[in-house]
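Below is one structure, written out as structure tokens, with a few remarks after it.
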Amino acid sequence: MLTTDDLEFVILAAGKSTRNYPHSKGIPHKSLIPFGSRKVIDYIIKELISSGAKHITIVCSDEKAKESFELCFTKEQKIEDKFKKNGNIIGLELLQSLYIPDDVEIKYVIQDKPKGLGHAIGLANKIANGRHLVVRVPDDIVLPNHAVKDAELRKSVVRRCIEKYIADGIGGNMFITRHVKDPSRWGIIDDGIFKEKPKESKSDEAFHTLAIFDKKVAKRLEEIANLIDTVGTEEYNLWETEGKEIHFDKYLNEEVKKDSKNMAIRTFPISKTDTYLDCGTLQGYEEALLYTLLKESVFKEKNKQTAQILLIDCMLEDDEE
């Protein structure tokens, strides 16, 4: 019987994040930029913890980045005392909400060169102790609608997906997906196989937010990561000579074909009641930030009032022009 203890939760945070410049310039990773009253990484961590995560690995680019992430979760008693003394209850509650429960373990893996998602996942598996890997990409945030009647849909799509995976109890691979207009721009799940930006596809289900890799696939990616880091191998030459990042699709599909009955990728679609936010681009992130400031921030009511005033001012300026 599967439990959350059989899962290693991996956050991929080693990229340069240039698509989010200038917001991400000067910080180790885009997941450290604001998201409502918190940061993106804070939301993702709490999302995973609420889904039962006890073992979390963050893949980052270097020791400096690791230190930045560690500081996000460090308890600061002096600041707490200062907030208490000043009567800053909101600041105190927000600060304390960032802390990690004592029974949750956060580990770090360094990917110092951009060798691809397959390499990053393989590195994470080295310290996963044989667990299935729940891989969270920080580009997407999906917020549930807390007003819907269905209690299941009030949970995050990440939690619903993980609970479904555990309930199935069969391992294998499961990806969160959403329907897209142009499959050629996305990684598509087509008949249980992963296709990276296919020119033609019968499916329009694109991989988003989170993927659960069976431990057999995770082990295979670990073997590939070792080859990528070994001078003289074909995989090393692809990176070193040709500059090709190693994706996971080829190796995932190989395992699927070996055992299509148990290893074919099962999809878990985002619900129509969920709100999808694309934090992976400059425009998408600004829209997401605006949305969370108005809908998720502790100051959302005041923010809405300010937004209404600014909107009226902008309309008046447009009329004058």
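By convention here, the chains of the structure tokens are called A, B, ... in the order presented, each chain's residues are numbered starting at 1, and ligands are numbered starting at 1 in the order presented.
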Strand (DSSP E or B) call set, DSSP backbone run, range 116-181 of chain A, as a ChimeraX atom specification: /A:132-136,140-143,173-179
Residue list (helix (DSSP H, G or I), DSSP) for range 7-214 of chain A, as a PyMOL selection string: chain A and resi 18-20+30-32+40-50+63-73+77-86+89-97+117-125+152-154+157-168+183-185
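CA of Lys195 in chain A is found 15.5 Å from CA of Ser260 in chain A.
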Residue neighbourhood Lys202 in chain A, 10 Å, only C-alpha atoms, exclusion window fewer than 4 positions, as a list in words: Pro183, Ile188, Ile189, Asp190, Asp191 and Pro198 of chain A
Range 167-176 of chain A environment, 9 Å, only C-alpha atoms, sequence neighbours closer than 5 positions dropped, as a PyMOL selection string: chain A and resi 1-3+132+157-158+161-162+189+206-217+256+262-270
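The space between CA of Phe35 in chain A and CA of Lys84 in chain A spans 24.6 Å.
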Option closest in space to Lys149 in chain A, from A:Ala288, A:Lys181, A:Thr273, A:Asp6 [counting only C-alpha atoms]: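 Residue with the minimum atom-to-atom distance to Lys149 in chain A: A:Thr273.
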d(CA of Leu277 in chain A, CA of Cys72 in chain A) in Å: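 Computing it gives 22.5 Å between the two atoms.
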Given only C-alpha atoms as the counted atoms, nearest of A:Ser203, A:Asn253, A:Asn237, A:Thr275 to Asp140 in chain A: A:Thr275
Residue with smallest distance to Gly91 in chain A - pool A:Gln305, A:Ser37, A:Thr74, A:Asn129, counting only C-alpha atoms: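 Closest candidate: A:Ser37.
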Among the residues A:Ile79, A:Leu290, A:Val10, A:Ala307, the one that comes closest to Leu92 in chain A [using only C-alpha atoms]: A:Ile79
Counting only C-alpha atoms, the residue of A:Arg131, A:Lys64, A:Lys54, A:Lys155 that sits nearest Pro101 in chain A: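 Of the candidates, the smallest distance to Pro101 in chain A is held by A:Lys54.
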